[in-house]
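Participant: Structure: coords-v5.cif, mmCIF, C-alpha atoms.
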data_work
loop_
_atom_site.label_atom_id
_atom_site.label_comp_id
_atom_site.auth_asym_id
_atom_site.auth_seq_id
_atom_site.Cartn_x
_atom_site.Cartn_y
_atom_site.Cartn_z
CA MET T 17 0.00 0.00 0.00
CA SER T 18 1.76 3.15 -1.17
CA SER T 19 1.00 6.71 -0.29
CA ASP T 20 0.71 9.60 -2.71
CA TRP T 21 1.97 12.00 -0.04
CA SER T 22 5.13 13.68 -1.36
CA ASP T 23 5.38 16.68 0.96
CA PRO T 24 8.32 16.15 3.38
CA ARG T 25 6.68 18.22 6.12
CA PRO T 26 4.82 16.43 8.91
CA MET T 27 1.13 15.85 8.22
CA SER T 28 0.22 17.43 11.53
CA PRO T 29 2.10 19.32 14.24
CA HIS T 30 3.72 16.85 16.59
CA LEU T 31 5.45 17.24 19.92
CA GLN T 32 8.71 16.06 18.37
CA VAL T 33 8.57 18.91 15.84
CA TRP T 34 7.90 21.80 18.22
CA ARG T 35 10.43 23.31 20.59
CA TRP T 36 8.98 23.97 24.03
CA HIS T 37 8.74 27.60 25.08
CA ALA T 38 7.16 29.53 27.93
CA THR T 39 3.99 30.44 26.03
CA MET T 40 3.22 26.76 25.43
CA ALA T 41 3.76 25.94 29.10
CA SER T 42 1.63 28.93 30.07
CA SER T 43 -1.20 27.77 27.82
CA ILE T 44 -1.18 24.28 29.31
CA LEU T 45 -0.92 25.65 32.86
CA HIS T 46 -3.86 27.99 32.18
CA ARG T 47 -6.04 25.01 31.23
CA VAL T 48 -4.85 22.95 34.21
CA THR T 49 -5.51 25.80 36.65
CA GLY T 50 -8.96 26.31 35.14
CA VAL T 51 -9.85 22.69 35.94
CA ALA T 52 -8.21 22.95 39.39
CA ASN T 53 -10.19 26.11 40.15
CA TYR T 54 -13.41 24.33 39.21
CA ILE T 55 -12.61 21.33 41.42
CA GLY T 56 -11.55 23.65 44.26
CA ALA T 57 -14.76 25.67 43.96
CA VAL T 58 -16.86 22.50 44.15
CA ALA T 59 -14.89 21.25 47.18
CA ILE T 60 -15.22 24.56 49.01
CA SER T 61 -18.94 24.69 48.14
CA VAL T 62 -19.46 21.23 49.62
CA TRP T 63 -17.52 22.31 52.72
CA VAL T 64 -19.70 25.44 53.12
CA ILE T 65 -22.90 23.41 52.67
CA LEU T 66 -21.76 20.90 55.30
CA MET T 67 -21.00 23.78 57.66
CA ALA T 68 -24.46 25.26 56.99
CA PHE T 69 -26.01 21.98 58.11
CA GLU T 70 -23.80 21.97 61.20
CA ALA T 71 -21.84 18.91 60.08
CA GLU T 72 -18.52 20.19 61.43
CA GLY T 73 -17.53 16.70 62.56
CA SER T 74 -17.59 15.37 59.02
CA VAL T 75 -14.86 17.80 57.90
CA ALA T 76 -13.04 18.35 61.21
CA PHE T 77 -10.46 15.69 60.30
CA LEU T 78 -9.20 18.01 57.56
CA PHE T 79 -7.80 20.35 60.20
CA GLU T 80 -6.36 17.85 62.67
CA GLY T 81 -2.92 16.22 62.81
CA TRP T 82 -0.96 15.60 59.63
CA MET T 83 -4.07 16.11 57.49
CA ALA T 84 -4.02 19.79 58.49
CA TRP T 85 -0.74 20.16 56.56
CA VAL T 86 -2.23 18.43 53.52
CA THR T 87 -5.29 20.69 53.70
CA ARG T 88 -3.12 23.78 54.07
CA PHE T 89 -0.96 22.76 51.09
CA GLY T 90 -4.12 22.18 49.02
CA LEU T 91 -5.51 25.59 49.93
CA ILE T 92 -2.20 27.30 49.14
CA ALA T 93 -2.05 25.45 45.80
CA LEU T 94 -5.62 26.53 45.07
CA THR T 95 -4.69 30.13 45.91
CA TYR T 96 -1.74 29.95 43.48
CA SER T 97 -4.03 28.41 40.86
CA VAL T 98 -6.57 31.23 41.17
CA SER T 99 -3.81 33.88 41.18
CA TYR T 100 -2.12 32.42 38.10
CA HIS T 101 -5.40 31.97 36.23
CA TRP T 102 -6.42 35.55 36.99
CA LEU T 103 -3.08 37.05 35.93
CA ASN T 104 -2.99 34.96 32.77
CA GLY T 105 -6.57 36.05 32.06
CA LEU T 106 -5.35 39.65 32.12
CA ARG T 107 -2.73 38.67 29.54
CA HIS T 108 -5.48 37.18 27.38
CA LEU T 109 -7.42 40.45 27.65
CA LEU T 110 -4.31 42.22 26.38
CA TRP T 111 -4.22 39.80 23.46
CA ASP T 112 -7.90 40.50 22.77
CA ALA T 113 -6.92 44.15 22.40
CA GLY T 114 -4.31 43.11 19.81
CA LYS T 115 -1.31 43.82 22.05
CA GLY T 116 1.58 41.62 23.15
CA TYR T 117 1.81 39.13 20.30
CA ASP T 118 5.56 39.45 19.73
CA PRO T 119 7.19 36.07 20.54
CA LYS T 120 9.95 37.35 22.85
CA GLY T 121 7.59 39.59 24.81
CA SER T 122 4.97 36.87 25.00
CA ASN T 123 7.48 34.37 26.38
CA LEU T 124 8.76 36.93 28.89
CA ARG T 125 5.24 37.74 30.09
CA SER T 126 4.48 34.02 30.38
CA ILE T 127 7.49 33.49 32.64
CA LEU T 128 6.66 36.59 34.69
CA ILE T 129 3.08 35.39 35.20
CA ILE T 130 4.09 31.82 36.12
CA PHE T 131 6.49 33.05 38.80
CA GLY T 132 4.62 36.28 39.55
CA ALA T 133 1.54 34.40 40.75
CA VAL T 134 3.58 33.47 43.81
CA ILE T 135 3.41 37.11 44.99
CA PRO T 136 -0.39 37.37 45.50
CA THR T 137 -0.40 33.84 46.91
CA ALA T 138 2.26 34.74 49.48
CA LEU T 139 0.58 38.04 50.31
CA ILE T 140 -2.75 36.32 50.92
CA TRP T 141 -1.30 33.58 53.11
CA LEU T 142 1.07 35.85 55.02
CA ASP T 143 -1.79 38.26 55.69
CA LEU T 144 -3.91 35.39 56.99
CA GLY T 145 -1.14 34.55 59.44
CA ILE T 146 -1.70 30.84 59.05
#
Let me see the file written as structure tokens.
Facilitator:
Amino acid sequence: MSSDWSDPRPMSPHLQVWRWHATMASSILHRVTGVANYIGAVAISVWVILMAFEAEGSVAFLFEGWMAWVTRFGLIALTYSVSYHWLNGLRHLLWDAGKGYDPKGSNLRSILIIFGAVIPTALIWLDLGI
């Protein structure tokens, strides 16, 4: 079975063809944080509903012993996720205005947002004093 395909280029973009850069990582991270934010919002909603029905005992284990550290890590990760998603959303608004499409600037802004989301996360958690 022979193919009539004579073009030497790949038939579709493939991971082996593309070089990774910050904008690609930022795009993937934006999608991942969107899903994480959704899951976090559902979890916090369930927690609030349980508290409304005075079911403190059913979630009290989340704040006792070693599980308290796991819960704290999860909440800090969720805070980073929301911070990153929000900052990257601002970058998307800039793109909607037709600004910031140059590759070097786009990569730089991606890196700044990935690491810059640590700042609001730290400010929130340091202000909480937890």
Participant: Translate the PyMOL selection byres ((chain T and resi 137) around 12), as applied to the file shown, into an explicit residue set as an MDAnalysis selection string.
Facilitator: chainID T and resid 89 91:103 130:136 138:144
Participant: So, with all atoms listed in the file as the atoms that count, which of T:Gly105, T:Pro24, T:Gly90, T:Gly114 lies closest to Ala59 (chain T)?
Facilitator: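 The answer is T:Gly90, which sits nearest to Ala59 (chain T).
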Participant: What is the CA of Arg47 (chain T) to CA of Ser126 (chain T) distance in Å?
Facilitator: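 CA of Ser126 (chain T) lies at a distance of 13.9 Å from CA of Arg47 (chain T).
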Participant: How many Å separate CA of Val64 (chain T) from CA of Met83 (chain T)?
Facilitator: 18.7 Å
Participant: Can you list, as a tab-separated table (two decimals) with C-alpha atoms, in the coordinates of the input, every protein, DNA or RNA residue that comes within 10 Å of Ile127 (chain T) when you count all atoms listed in the file, leaving out same-chain residues fewer than 3 positions away?
Facilitator:
chain	number	residue	atom	x	y	z
T	37	HIS	CA	8.74	27.60	25.08
T	38	ALA	CA	7.16	29.53	27.93
T	39	THR	CA	3.99	30.44	26.03
T	41	ALA	CA	3.76	25.94	29.10
T	42	SER	CA	1.63	28.93	30.07
T	121	GLY	CA	7.59	39.59	24.81
T	122	SER	CA	4.97	36.87	25.00
T	123	ASN	CA	7.48	34.37	26.38
T	124	LEU	CA	8.76	36.93	28.89
T	130	ILE	CA	4.09	31.82	36.12
T	131	PHE	CA	6.49	33.05	38.80
T	132	GLY	CA	4.62	36.28	39.55
Participant: How many Å separate CA of Lys115 (chain T) from CA of Leu128 (chain T)?
Facilitator: 16.6 Å
Participant: Kindly reconstruct region 74-102 of chain T with N, CA and C atoms and present the result as a PDB file, in the coordinates of the input.
Facilitator:
ATOM      1  N   SER T  74     -17.898  16.111  60.245  1.00  0.00           N
ATOM      2  CA  SER T  74     -17.590  15.370  59.020  1.00  0.00           C
ATOM      3  C   SER T  74     -16.401  15.962  58.265  1.00  0.00           C
ATOM      4  N   VAL T  75     -16.024  17.195  58.557  1.00  0.00           N
ATOM      5  CA  VAL T  75     -14.860  17.800  57.900  1.00  0.00           C
ATOM      6  C   VAL T  75     -13.781  18.204  58.900  1.00  0.00           C
ATOM      7  N   ALA T  76     -14.009  17.950  60.180  1.00  0.00           N
ATOM      8  CA  ALA T  76     -13.040  18.350  61.210  1.00  0.00           C
ATOM      9  C   ALA T  76     -11.701  17.658  61.020  1.00  0.00           C
ATOM     10  N   PHE T  77     -11.712  16.431  60.489  1.00  0.00           N
ATOM     11  CA  PHE T  77     -10.460  15.690  60.300  1.00  0.00           C
ATOM     12  C   PHE T  77      -9.512  16.403  59.344  1.00  0.00           C
ATOM     13  N   LEU T  78     -10.047  17.281  58.503  1.00  0.00           N
ATOM     14  CA  LEU T  78      -9.200  18.010  57.560  1.00  0.00           C
ATOM     15  C   LEU T  78      -8.271  18.996  58.249  1.00  0.00           C
ATOM     16  N   PHE T  79      -8.575  19.340  59.481  1.00  0.00           N
ATOM     17  CA  PHE T  79      -7.800  20.350  60.200  1.00  0.00           C
ATOM     18  C   PHE T  79      -7.139  19.805  61.453  1.00  0.00           C
ATOM     19  N   GLU T  80      -6.972  18.485  61.509  1.00  0.00           N
ATOM     20  CA  GLU T  80      -6.360  17.850  62.670  1.00  0.00           C
ATOM     21  C   GLU T  80      -5.149  17.027  62.237  1.00  0.00           C
ATOM     22  N   GLY T  81      -4.097  17.064  63.042  1.00  0.00           N
ATOM     23  CA  GLY T  81      -2.920  16.220  62.810  1.00  0.00           C
ATOM     24  C   GLY T  81      -2.229  16.505  61.483  1.00  0.00           C
ATOM     25  N   TRP T  82      -1.707  15.449  60.883  1.00  0.00           N
ATOM     26  CA  TRP T  82      -0.960  15.600  59.630  1.00  0.00           C
ATOM     27  C   TRP T  82      -1.865  16.037  58.483  1.00  0.00           C
ATOM     28  N   MET T  83      -3.148  15.733  58.566  1.00  0.00           N
ATOM     29  CA  MET T  83      -4.070  16.110  57.490  1.00  0.00           C
ATOM     30  C   MET T  83      -4.212  17.633  57.402  1.00  0.00           C
ATOM     31  N   ALA T  84      -3.971  18.326  58.507  1.00  0.00           N
ATOM     32  CA  ALA T  84      -4.020  19.790  58.490  1.00  0.00           C
ATOM     33  C   ALA T  84      -2.976  20.346  57.532  1.00  0.00           C
ATOM     34  N   TRP T  85      -1.799  19.708  57.481  1.00  0.00           N
ATOM     35  CA  TRP T  85      -0.740  20.160  56.560  1.00  0.00           C
ATOM     36  C   TRP T  85      -1.131  19.890  55.112  1.00  0.00           C
ATOM     37  N   VAL T  86      -1.772  18.752  54.874  1.00  0.00           N
ATOM     38  CA  VAL T  86      -2.230  18.430  53.520  1.00  0.00           C
ATOM     39  C   VAL T  86      -3.305  19.423  53.084  1.00  0.00           C
ATOM     40  N   THR T  87      -4.232  19.720  53.989  1.00  0.00           N
ATOM     41  CA  THR T  87      -5.290  20.690  53.700  1.00  0.00           C
ATOM     42  C   THR T  87      -4.703  22.062  53.427  1.00  0.00           C
ATOM     43  N   ARG T  88      -3.755  22.474  54.255  1.00  0.00           N
ATOM     44  CA  ARG T  88      -3.120  23.780  54.070  1.00  0.00           C
ATOM     45  C   ARG T  88      -2.395  23.844  52.725  1.00  0.00           C
ATOM     46  N   PHE T  89      -1.656  22.791  52.384  1.00  0.00           N
ATOM     47  CA  PHE T  89      -0.960  22.760  51.090  1.00  0.00           C
ATOM     48  C   PHE T  89      -1.966  22.862  49.943  1.00  0.00           C
ATOM     49  N   GLY T  90      -3.084  22.130  50.056  1.00  0.00           N
ATOM     50  CA  GLY T  90      -4.120  22.180  49.020  1.00  0.00           C
ATOM     51  C   GLY T  90      -4.714  23.571  48.867  1.00  0.00           C
ATOM     52  N   LEU T  91      -4.953  24.235  49.987  1.00  0.00           N
ATOM     53  CA  LEU T  91      -5.510  25.590  49.930  1.00  0.00           C
ATOM     54  C   LEU T  91      -4.508  26.595  49.366  1.00  0.00           C
ATOM     55  N   ILE T  92      -3.227  26.422  49.707  1.00  0.00           N
ATOM     56  CA  ILE T  92      -2.200  27.300  49.140  1.00  0.00           C
ATOM     57  C   ILE T  92      -2.075  27.053  47.639  1.00  0.00           C
ATOM     58  N   ALA T  93      -2.106  25.777  47.230  1.00  0.00           N
ATOM     59  CA  ALA T  93      -2.050  25.450  45.800  1.00  0.00           C
ATOM     60  C   ALA T  93      -3.252  26.025  45.063  1.00  0.00           C
ATOM     61  N   LEU T  94      -4.426  25.959  45.691  1.00  0.00           N
ATOM     62  CA  LEU T  94      -5.620  26.530  45.070  1.00  0.00           C
ATOM     63  C   LEU T  94      -5.491  28.052  44.961  1.00  0.00           C
ATOM     64  N   THR T  95      -4.907  28.683  45.962  1.00  0.00           N
ATOM     65  CA  THR T  95      -4.690  30.130  45.910  1.00  0.00           C
ATOM     66  C   THR T  95      -3.743  30.495  44.776  1.00  0.00           C
ATOM     67  N   TYR T  96      -2.660  29.716  44.605  1.00  0.00           N
ATOM     68  CA  TYR T  96      -1.740  29.950  43.480  1.00  0.00           C
ATOM     69  C   TYR T  96      -2.480  29.755  42.161  1.00  0.00           C
ATOM     70  N   SER T  97      -3.297  28.711  42.090  1.00  0.00           N
ATOM     71  CA  SER T  97      -4.030  28.410  40.860  1.00  0.00           C
ATOM     72  C   SER T  97      -4.955  29.565  40.471  1.00  0.00           C
ATOM     73  N   VAL T  98      -5.674  30.099  41.438  1.00  0.00           N
ATOM     74  CA  VAL T  98      -6.570  31.230  41.170  1.00  0.00           C
ATOM     75  C   VAL T  98      -5.759  32.468  40.777  1.00  0.00           C
ATOM     76  N   SER T  99      -4.660  32.719  41.488  1.00  0.00           N
ATOM     77  CA  SER T  99      -3.810  33.880  41.180  1.00  0.00           C
ATOM     78  C   SER T  99      -3.239  33.779  39.773  1.00  0.00           C
ATOM     79  N   TYR T 100      -2.705  32.616  39.428  1.00  0.00           N
ATOM     80  CA  TYR T 100      -2.120  32.420  38.100  1.00  0.00           C
ATOM     81  C   TYR T 100      -3.193  32.586  37.022  1.00  0.00           C
ATOM     82  N   HIS T 101      -4.333  31.936  37.228  1.00  0.00           N
ATOM     83  CA  HIS T 101      -5.400  31.970  36.230  1.00  0.00           C
ATOM     84  C   HIS T 101      -5.889  33.400  36.007  1.00  0.00           C
ATOM     85  N   TRP T 102      -5.981  34.163  37.088  1.00  0.00           N
ATOM     86  CA  TRP T 102      -6.420  35.550  36.990  1.00  0.00           C
ATOM     87  C   TRP T 102      -5.398  36.399  36.236  1.00  0.00           C
TER      88      TRP T 102
END
